[in-house]
>>> print(open('start.csv').read())   # CSV, C-alpha atoms
chain,number,residue,atom,x,y,z
A,1,MET,CA,234.9,27.8,-162.6
A,2,GLN,CA,232.5,25.0,-161.6
A,3,ASP,CA,234.0,25.0,-158.1
A,4,GLN,CA,233.4,28.7,-157.7
A,5,TYR,CA,229.8,28.2,-158.8
A,6,GLN,CA,229.3,25.4,-156.3
A,7,LYS,CA,230.8,27.4,-153.5
A,8,LYS,CA,228.5,30.4,-154.3
A,9,ALA,CA,225.5,28.1,-154.5
A,10,LYS,CA,226.4,26.5,-151.2
A,11,ARG,CA,226.7,30.0,-149.5
A,12,LYS,CA,223.3,31.0,-150.8
A,13,LEU,CA,221.8,27.7,-149.6
A,14,ILE,CA,223.3,28.2,-146.1
A,15,THR,CA,222.0,31.8,-146.0
A,16,VAL,CA,218.5,30.6,-147.0
A,17,ILE,CA,218.6,27.9,-144.3
A,18,LEU,CA,219.8,30.4,-141.6
A,19,TYR,CA,217.0,32.8,-142.6
A,20,LEU,CA,214.4,30.1,-142.4
A,21,LEU,CA,215.6,29.0,-139.0
A,22,LEU,CA,215.5,32.6,-137.8
A,23,LEU,CA,212.0,33.0,-139.2
A,24,ILE,CA,210.8,29.8,-137.6
A,25,GLY,CA,212.4,30.8,-134.2
A,26,CYS,CA,210.8,34.2,-134.2
A,27,THR,CA,207.4,32.7,-135.1
A,28,LEU,CA,207.6,30.1,-132.3
A,29,PHE,CA,208.7,32.8,-129.9
A,30,LEU,CA,205.8,35.1,-130.8
A,31,LYS,CA,203.4,32.2,-130.7
A,32,GLY,CA,204.6,31.3,-127.2
A,33,GLN,CA,204.3,34.9,-126.0
A,34,ASN,CA,200.6,35.1,-127.1
A,35,SER,CA,199.4,31.5,-126.6
A,36,GLU,CA,196.9,30.8,-123.9
A,37,ARG,CA,198.3,28.9,-121.0
A,38,VAL,CA,196.4,25.6,-120.9
A,39,ILE,CA,194.5,24.6,-117.7
A,40,GLU,CA,193.3,21.0,-117.4
A,41,ASP,CA,189.6,20.4,-117.1
A,42,ASP,CA,190.2,18.7,-113.7
A,43,VAL,CA,191.9,21.8,-112.2
A,44,LEU,CA,190.3,25.0,-110.9
A,45,GLU,CA,192.5,28.0,-110.4
A,46,LEU,CA,191.6,31.1,-108.4
A,47,HIS,CA,193.9,34.2,-108.8
A,48,PHE,CA,193.3,36.9,-106.2
A,49,LEU,CA,195.1,39.9,-107.5
A,50,SER,CA,196.9,42.3,-105.2
A,51,LEU,CA,195.3,45.7,-105.8
A,52,LYS,CA,195.3,47.3,-102.3
A,53,LYS,CA,191.7,47.6,-101.1
A,54,ALA,CA,190.0,46.3,-104.2
A,55,ASP,CA,188.5,43.0,-105.6
A,56,CYS,CA,189.7,41.3,-108.8
A,57,ILE,CA,189.6,37.5,-109.0
A,58,LEU,CA,190.4,35.4,-112.1
A,59,VAL,CA,188.8,32.0,-112.1
A,60,ARG,CA,190.0,29.3,-114.6
A,61,THR,CA,189.3,25.7,-115.5
A,62,GLY,CA,190.0,24.0,-118.8
A,63,LYS,CA,189.4,26.5,-121.5
A,64,LYS,CA,187.0,28.5,-119.4
A,65,ALA,CA,187.9,31.9,-117.8
A,66,MET,CA,185.9,34.2,-115.6
A,67,LEU,CA,186.8,37.5,-113.9
A,68,ILE,CA,185.0,38.6,-110.7
A,69,ASP,CA,185.4,42.4,-110.4
A,70,ALA,CA,188.3,44.4,-111.9
A,71,GLY,CA,189.8,46.7,-109.2
A,72,TRP,CA,190.3,50.5,-109.4
A,73,LYS,CA,190.6,52.6,-112.5
A,74,ASP,CA,194.2,53.4,-111.6
A,75,THR,CA,195.1,49.7,-111.4
A,76,LYS,CA,193.4,48.8,-114.8
A,77,ARG,CA,196.7,48.3,-116.6
A,78,GLN,CA,197.9,46.0,-113.8
A,79,VAL,CA,194.8,43.9,-114.3
A,80,ALA,CA,195.1,43.8,-118.1
A,81,ASP,CA,198.8,42.9,-117.9
A,82,TYR,CA,198.1,40.1,-115.5
A,83,LEU,CA,195.4,38.6,-117.8
A,84,LYS,CA,197.7,38.9,-120.8
A,85,LYS,CA,200.5,37.2,-118.8
A,86,GLN,CA,198.1,34.4,-118.1
A,87,GLY,CA,197.5,34.1,-121.9
A,88,ILE,CA,193.9,35.2,-121.6
A,89,LYS,CA,192.3,36.4,-124.8
A,90,ARG,CA,188.7,35.9,-124.0
A,91,LEU,CA,186.6,35.7,-120.9
A,92,ASP,CA,183.4,33.6,-120.8
A,93,TYR,CA,182.0,35.6,-117.9
A,94,VAL,CA,182.8,38.8,-116.2
A,95,VAL,CA,181.1,39.6,-112.9
A,96,ALA,CA,180.7,43.1,-111.6
A,97,THR,CA,179.5,42.2,-108.1
A,98,HIS,CA,178.3,45.8,-107.5
A,99,GLY,CA,178.9,49.3,-108.7
A,100,ASP,CA,181.6,50.6,-106.3
A,101,GLU,CA,184.7,52.0,-107.9
A,102,ASP,CA,187.1,49.5,-106.2
A,103,HIS,CA,185.2,46.7,-108.0
A,104,VAL,CA,184.4,48.2,-111.4
A,105,GLY,CA,187.1,50.8,-111.9
A,106,GLY,CA,189.1,48.6,-114.3
A,107,MET,CA,186.2,46.9,-115.9
A,108,GLU,CA,185.9,49.3,-118.9
A,109,GLU,CA,189.6,48.4,-119.8
A,110,VAL,CA,188.9,44.7,-119.5
A,111,LEU,CA,185.9,45.0,-121.8
A,112,ARG,CA,187.9,47.1,-124.2
A,113,LYS,CA,191.0,44.8,-124.4
A,114,PHE,CA,189.5,41.3,-124.1
A,115,GLN,CA,186.6,39.5,-125.8
A,116,VAL,CA,183.9,39.1,-123.1
A,117,GLU,CA,180.9,36.8,-123.8
A,118,THR,CA,178.7,37.8,-120.8
A,119,LEU,CA,178.8,40.6,-118.3
A,120,PHE,CA,176.8,39.8,-115.1
A,121,ILE,CA,175.8,42.9,-113.1
A,122,SER,CA,173.9,43.6,-109.9
A,123,PRO,CA,170.2,44.8,-110.2
A,124,LYS,CA,171.2,48.1,-108.6
A,125,ASN,CA,172.4,50.7,-111.2
A,126,GLU,CA,175.0,53.3,-110.2
A,127,SER,CA,175.7,56.8,-111.4
A,128,ASN,CA,179.5,56.9,-110.9
A,129,LYS,CA,181.7,57.3,-113.9
A,130,ASP,CA,183.4,54.0,-113.7
A,131,TYR,CA,180.2,52.1,-113.6
A,132,GLN,CA,178.7,54.1,-116.5
A,133,ALA,CA,182.0,53.6,-118.5
A,134,MET,CA,181.7,49.8,-118.0
A,135,ILE,CA,178.1,49.7,-119.2
A,136,GLY,CA,178.9,52.0,-122.2
A,137,ARG,CA,181.8,49.8,-123.3
A,138,ALA,CA,179.9,46.6,-122.9
A,139,LYS,CA,177.1,48.0,-125.2
A,140,LYS,CA,179.7,49.2,-127.7
A,141,ARG,CA,181.4,45.8,-127.8
A,142,GLN,CA,178.0,44.1,-128.0
A,143,THR,CA,178.8,42.1,-124.8
A,144,LYS,CA,175.7,40.4,-123.4
A,145,ILE,CA,174.7,42.1,-120.2
A,146,VAL,CA,172.8,40.0,-117.7
A,147,ILE,CA,171.1,40.7,-114.4
A,148,PRO,CA,171.0,37.1,-113.0
A,149,LYS,CA,168.1,35.7,-111.2
A,150,VAL,CA,168.6,34.9,-107.5
A,151,PRO,CA,169.0,32.1,-106.9
A,152,SER,CA,170.3,30.7,-110.2
A,153,GLU,CA,173.0,28.4,-111.5
A,154,ILE,CA,175.4,28.5,-114.4
A,155,SER,CA,177.8,25.9,-115.7
A,156,PHE,CA,181.5,26.6,-116.0
A,157,GLY,CA,183.4,23.7,-117.3
A,158,ASN,CA,183.4,21.0,-114.6
A,159,ALA,CA,182.5,23.7,-112.0
A,160,LYS,CA,179.0,24.8,-111.0
A,161,ILE,CA,178.3,28.4,-110.1
A,162,LYS,CA,175.3,29.4,-108.0
A,163,ILE,CA,174.3,33.0,-107.5
A,164,LEU,CA,172.8,33.4,-104.0
A,165,ALA,CA,172.4,37.2,-103.6
A,166,PRO,CA,171.3,39.9,-103.7
A,167,GLY,CA,167.8,38.9,-102.5
A,168,THR,CA,164.9,41.2,-102.1
A,169,ALA,CA,165.6,42.2,-98.5
A,170,ALA,CA,169.3,43.0,-99.3
A,171,LEU,CA,168.2,45.2,-102.2
A,172,ALA,CA,165.5,46.9,-100.1
A,173,ASP,CA,168.2,47.9,-97.6
A,174,GLY,CA,169.4,50.4,-100.2
A,175,GLN,CA,173.1,50.2,-99.5
A,176,THR,CA,175.3,49.6,-102.6
A,177,ASN,CA,177.4,47.0,-100.8
A,178,ASN,CA,174.2,44.9,-100.1
A,179,SER,CA,173.5,44.8,-103.8
A,180,SER,CA,176.6,42.6,-104.3
A,181,LEU,CA,176.2,39.5,-106.3
A,182,VAL,CA,177.3,36.5,-104.2
A,183,LEU,CA,178.8,33.5,-106.0
A,184,TYR,CA,179.1,29.9,-104.7
A,185,ILE,CA,181.4,27.7,-106.8
A,186,THR,CA,181.5,23.9,-106.5
A,187,PHE,CA,184.4,22.0,-108.0
A,188,GLY,CA,184.6,18.3,-107.2
A,189,SER,CA,184.1,18.0,-103.5
A,190,ARG,CA,185.3,21.6,-102.7
A,191,ASN,CA,183.3,24.8,-102.4
A,192,PHE,CA,184.2,28.4,-102.7
A,193,LEU,CA,182.1,31.4,-101.6
A,194,PHE,CA,182.7,34.9,-103.0
A,195,MET,CA,180.8,37.6,-101.0
A,196,GLY,CA,181.7,40.7,-102.9
A,197,ASP,CA,181.0,43.5,-100.4
A,198,ALA,CA,177.8,42.0,-99.1
A,199,LEU,CA,177.0,43.1,-95.5
A,200,LYS,CA,175.3,41.6,-92.5
A,201,GLU,CA,171.8,42.2,-94.0
A,202,SER,CA,172.5,40.2,-97.1
A,203,GLU,CA,174.2,37.4,-95.0
A,204,ALA,CA,171.1,37.2,-92.8
A,205,GLU,CA,168.9,36.8,-95.9
A,206,ILE,CA,171.1,34.1,-97.3
A,207,LEU,CA,170.9,32.2,-94.0
A,208,LYS,CA,167.1,32.6,-93.8
A,209,LYS,CA,166.8,31.2,-97.3
A,210,GLY,CA,168.6,28.1,-96.2
A,211,TYR,CA,171.1,28.0,-99.1
A,212,GLU,CA,174.0,25.6,-99.0
A,213,ILE,CA,176.9,27.9,-98.2
A,214,GLN,CA,179.5,25.6,-96.5
A,215,ALA,CA,182.8,26.4,-98.2
A,216,ASP,CA,186.4,25.4,-98.0
A,217,VAL,CA,187.4,28.9,-99.1
A,218,LEU,CA,185.7,32.2,-98.2
A,219,LYS,CA,186.4,35.5,-100.0
A,220,VAL,CA,185.5,37.6,-97.0
A,221,GLY,CA,182.8,40.3,-97.5
A,222,HIS,CA,183.6,44.0,-97.5
A,223,HIS,CA,187.4,43.7,-97.2
A,224,GLY,CA,187.3,42.2,-93.7
A,225,PHE,CA,185.4,45.0,-92.0
A,226,SER,CA,183.1,44.0,-89.2
A,227,ASP,CA,179.9,45.4,-90.9
A,228,ALA,CA,180.1,42.0,-92.7
A,229,THR,CA,180.8,38.4,-91.7
A,230,THR,CA,178.8,37.8,-88.6
A,231,GLU,CA,179.8,35.0,-86.3
A,232,ALA,CA,176.5,33.1,-87.2
A,233,PHE,CA,177.3,33.4,-90.9
A,234,LEU,CA,181.0,32.4,-90.4
A,235,GLU,CA,179.9,29.3,-88.5
A,236,ALA,CA,177.5,28.3,-91.3
A,237,VAL,CA,180.3,28.7,-93.9
A,238,ALA,CA,182.9,27.0,-91.8
A,239,PRO,CA,185.8,27.8,-94.1
A,240,LYS,CA,189.3,26.4,-93.8
A,241,LEU,CA,190.8,29.3,-95.6
A,242,ALA,CA,189.7,33.0,-95.9
A,243,VAL,CA,190.9,35.7,-98.2
A,244,ILE,CA,190.6,39.4,-97.4
A,245,THR,CA,191.1,41.8,-100.4
A,246,CYS,CA,193.1,44.6,-99.0
A,247,GLU,CA,196.4,45.2,-97.1
A,248,LYS,CA,196.5,44.2,-93.5
A,249,LYS,CA,197.2,47.8,-92.5
A,250,GLN,CA,194.1,49.0,-94.4
A,251,ALA,CA,192.0,46.4,-92.5
A,252,GLN,CA,193.4,47.8,-89.3
A,253,ASP,CA,192.7,51.4,-90.3
A,254,GLY,CA,189.2,50.4,-91.3
A,255,ALA,CA,188.7,49.1,-87.7
A,256,ASN,CA,188.5,52.7,-86.6
A,257,LYS,CA,185.2,52.9,-88.5
A,258,PHE,CA,183.9,49.3,-88.7
A,259,GLY,CA,186.1,47.1,-86.5
A,260,ARG,CA,187.6,44.0,-88.2
A,261,ILE,CA,187.0,40.3,-88.1
A,262,GLU,CA,190.6,39.0,-88.0
A,263,PRO,CA,190.5,38.0,-84.2
A,264,MET,CA,187.3,36.0,-84.9
A,265,LEU,CA,188.9,34.2,-87.8
A,266,LYS,CA,192.1,33.4,-85.8
A,267,GLU,CA,190.0,32.2,-82.9
A,268,LYS,CA,188.3,29.7,-85.2
A,269,LYS,CA,191.7,28.7,-86.6
A,270,ILE,CA,190.9,29.7,-90.1
A,271,GLU,CA,193.9,30.2,-92.4
A,272,LEU,CA,193.9,33.9,-93.4
A,273,TYR,CA,195.5,35.7,-96.4
A,274,TYR,CA,195.5,39.4,-97.3
A,275,THR,CA,195.9,40.2,-101.0
A,276,GLY,CA,197.9,43.3,-99.9
A,277,ASP,CA,200.7,40.8,-99.2
A,278,GLY,CA,200.8,39.7,-102.8
A,279,THR,CA,198.7,38.1,-105.4
A,280,LEU,CA,197.3,34.7,-104.2
A,281,LEU,CA,196.9,31.7,-106.4
A,282,LEU,CA,194.8,28.7,-105.3
A,283,SER,CA,194.8,25.6,-107.3
A,284,CYS,CA,192.3,22.8,-106.7
A,285,ASP,CA,192.0,19.3,-108.3
A,286,GLY,CA,188.6,18.7,-106.8
A,287,GLU,CA,190.0,17.5,-103.5
A,288,LYS,CA,193.3,19.1,-102.6
A,289,ILE,CA,193.7,22.9,-102.5
A,290,GLU,CA,197.2,24.2,-103.0
A,291,VAL,CA,198.2,27.8,-102.1
A,292,GLN,CA,200.9,29.9,-103.8
A,293,HIS,CA,201.4,33.4,-102.4
A,294,ASP,CA,203.0,36.5,-103.9
A,295,THR,CA,202.8,35.4,-107.5
A,296,LYS,CA,203.1,39.0,-108.9
>>> encode(input="start.csv", output="structure tokens")
Amino acid sequence: MQDQYQKKAKRKLITVILYLLLLIGCTLFLKGQNSERVIEDDVLELHFLSLKKADCILVRTGKKAMLIDAGWKDTKRQVADYLKKQGIKRLDYVVATHGDEDHVGGMEEVLRKFQVETLFISPKNESNKDYQAMIGRAKKRQTKIVIPKVPSEISFGNAKIKILAPGTAALADGQTNNSSLVLYITFGSRNFLFMGDALKESEAEILKKGYEIQADVLKVGHHGFSDATTEAFLEAVAPKLAVITCEKKQAQDGANKFGRIEPMLKEKKIELYYTGDGTLLLSCDGEKIEVQHDTK
């Protein structure tokens, strides 16, 4: 009788232990699925998402995260899924460089699904539905909306971010593209310049102001079309690597309207990447910049 009791008690104990192990395993799995991927303070990551002709760039260092633009409305789930895959739960800064749909189309979704501390916007308001949806969602979520001063500087972990445009002349031009916020990020001894869709007029104003714009990496303005990135501007930036946010074929098709700058980049032996070939990840330790392509 006592042996039967002991066997029964032993079976119950084994069942309880197995249940607890299963529970712990499930908890650890779920925690791993939802935990934020840790980036060291001495590393800067730049993720250029592949969204056809559209801008969306995730910038990370330490516990800090910033999103520059958010692509089209019809790629909003792709953006949200990518952020979740990276373990992003909150964004310190979100930058809407300007109001075109290929830059703010997915922004309402980002503001809805993630905690965003500050939304930086261009001084030029737009009437399109995507832009208005972004502003409406930001107000509903009580996200701080800021039109930054030009020039101005903000801290971002061990990185410094300077906002160099749009200046008064670029805004007076009246073109939405020339209202683009232009960001210059310094991390260690390396510099990164993000031009949004800024055109020649904004570039000329930046050069006239005499800002420091030498950069190791250039996010080329206006998807590589030749109404941006003059030779004088490119010589001042002197990048080692350039990123064009579209498919190569789209840049070639755009040449029918604008021409394209690829021959000038190749002539200057600047390493060139198109996001249409796949999401691009740049990792920098303050000195070395490593490139991983097609990380989708």
>>> atom_distance(input="start.csv", atom1="CA of Gln115 in chain A", atom2="CA of Thr143 in chain A")
8.3 Å
>>> atom_distance(input="start.csv", atom1="CA of Asp294 in chain A", atom2="CA of Leu234 in chain A")
26.1 Å
>>> atom_distance(input="start.csv", atom1="CA of Ala65 in chain A", atom2="CA of Gly87 in chain A")
10.7 Å
>>> closest_residue(input="start.csv", among="A:Leu58, A:Leu44, A:Leu207, A:Leu111", to="Lys76 in chain A", atoms="only C-alpha atoms")
A:Leu111
>>> residues_around(input="start.csv", residues="Asp41 in chain A", least_positions_apart="2", cutoff="7 Å", atoms="all atoms listed in the file", output="list in words")
Ile39, Val43, Thr61, Gly62 and Asn158 of chain A
>>> closest_residue(input="start.csv", among="A:Asp100, A:Glu287, A:Glu40, A:Glu117", to="His222 in chain A", atoms="all atoms listed in the file")
A:Asp100
>>> residues_around(input="start.csv", residues="Leu272 in chain A", least_positions_apart="5", cutoff="8 Å", atoms="all atoms listed in the file", output="ChimeraX atom specification")
/A:241-244,265-266
>>> closest_residue(input="start.csv", among="A:Leu83, A:Asp102, A:Asp227, A:Lys248", to="Gln175 in chain A", atoms="all atoms listed in the file")
A:Asp227
>>> closest_residue(input="start.csv", among="A:Leu218, A:Ala228, A:Ala165, A:Cys246", to="Ala54 in chain A", atoms="only C-alpha atoms")
A:Cys246
>>> residues_around(input="start.csv", residues="Lys200 in chain A", least_positions_apart="5", cutoff="9 Å", atoms="only C-alpha atoms", output="PyMOL selection string")
chain A and resi 178+205+226-230+233
>>> residues_around(input="start.csv", residues="Val104 in chain A", least_positions_apart="6", cutoff="7 Å", atoms="all atoms listed in the file", output="list in words")
Asp69, Ala70, Gly71, Trp72, Ala96, Asp130 and Tyr131 of chain A
>>> residues_around(input="start.csv", residues="Thr97 in chain A", least_positions_apart="2", cutoff="10 Å", atoms="only C-alpha atoms", output="list of chain:residue names")
A:Asp55, A:Ile68, A:Asp69, A:Ala70, A:Val94, A:Val95, A:Gly99, A:Asp100, A:His103, A:Val104, A:Phe120, A:Ile121, A:Ser122, A:Pro123, A:Ala165, A:Pro166, A:Asn177, A:Asn178, A:Ser179, A:Ser180, A:Leu181, A:Val182, A:Leu183, A:Phe194, A:Met195, A:Gly196, A:Asp197, A:Ala198
>>> closest_residue(input="start.csv", among="A:Ala172, A:Thr75, A:Met107, A:Arg112", to="Lys89 in chain A", atoms="only C-alpha atoms")
A:Arg112
>>> closest_residue(input="start.csv", among="A:Lys288, A:Lys64, A:Lys113, A:Arg141", to="Lys84 in chain A", atoms="only C-alpha atoms")
A:Lys113
>>> closest_atom_pairs(input="start.csv", of="range 102-159 of chain A", to="range 184-193 of chain A", cutoff="10 Å", atoms="all atoms listed in the file", output="Markdown table")
| residue | atom | partner | partner_atom | distance |
| --- | --- | --- | --- | --- |
| A:Glu153 | CA | A:Tyr184 | CA | 9.3 |
| A:Ile154 | CA | A:Ile185 | CA | 9.7 |
| A:Ser155 | CA | A:Ile185 | CA | 9.8 |
| A:Phe156 | CA | A:Ile185 | CA | 9.3 |
| A:Gly157 | CA | A:Phe187 | CA | 9.5 |
| A:Asn158 | CA | A:Phe187 | CA | 6.7 |
| A:Ala159 | CA | A:Phe187 | CA | 4.7 |
>>> write_last_selection(input="start.csv", atoms="C-alpha atoms", output="PDB file, in the coordinates of the input")
ATOM      1  CA  GLU A 153     173.000  28.400-111.500  1.00  0.00           C
ATOM      2  CA  ILE A 154     175.400  28.500-114.400  1.00  0.00           C
ATOM      3  CA  SER A 155     177.800  25.900-115.700  1.00  0.00           C
ATOM      4  CA  PHE A 156     181.500  26.600-116.000  1.00  0.00           C
ATOM      5  CA  GLY A 157     183.400  23.700-117.300  1.00  0.00           C
ATOM      6  CA  ASN A 158     183.400  21.000-114.600  1.00  0.00           C
ATOM      7  CA  ALA A 159     182.500  23.700-112.000  1.00  0.00           C
TER       8      ALA A 159
END
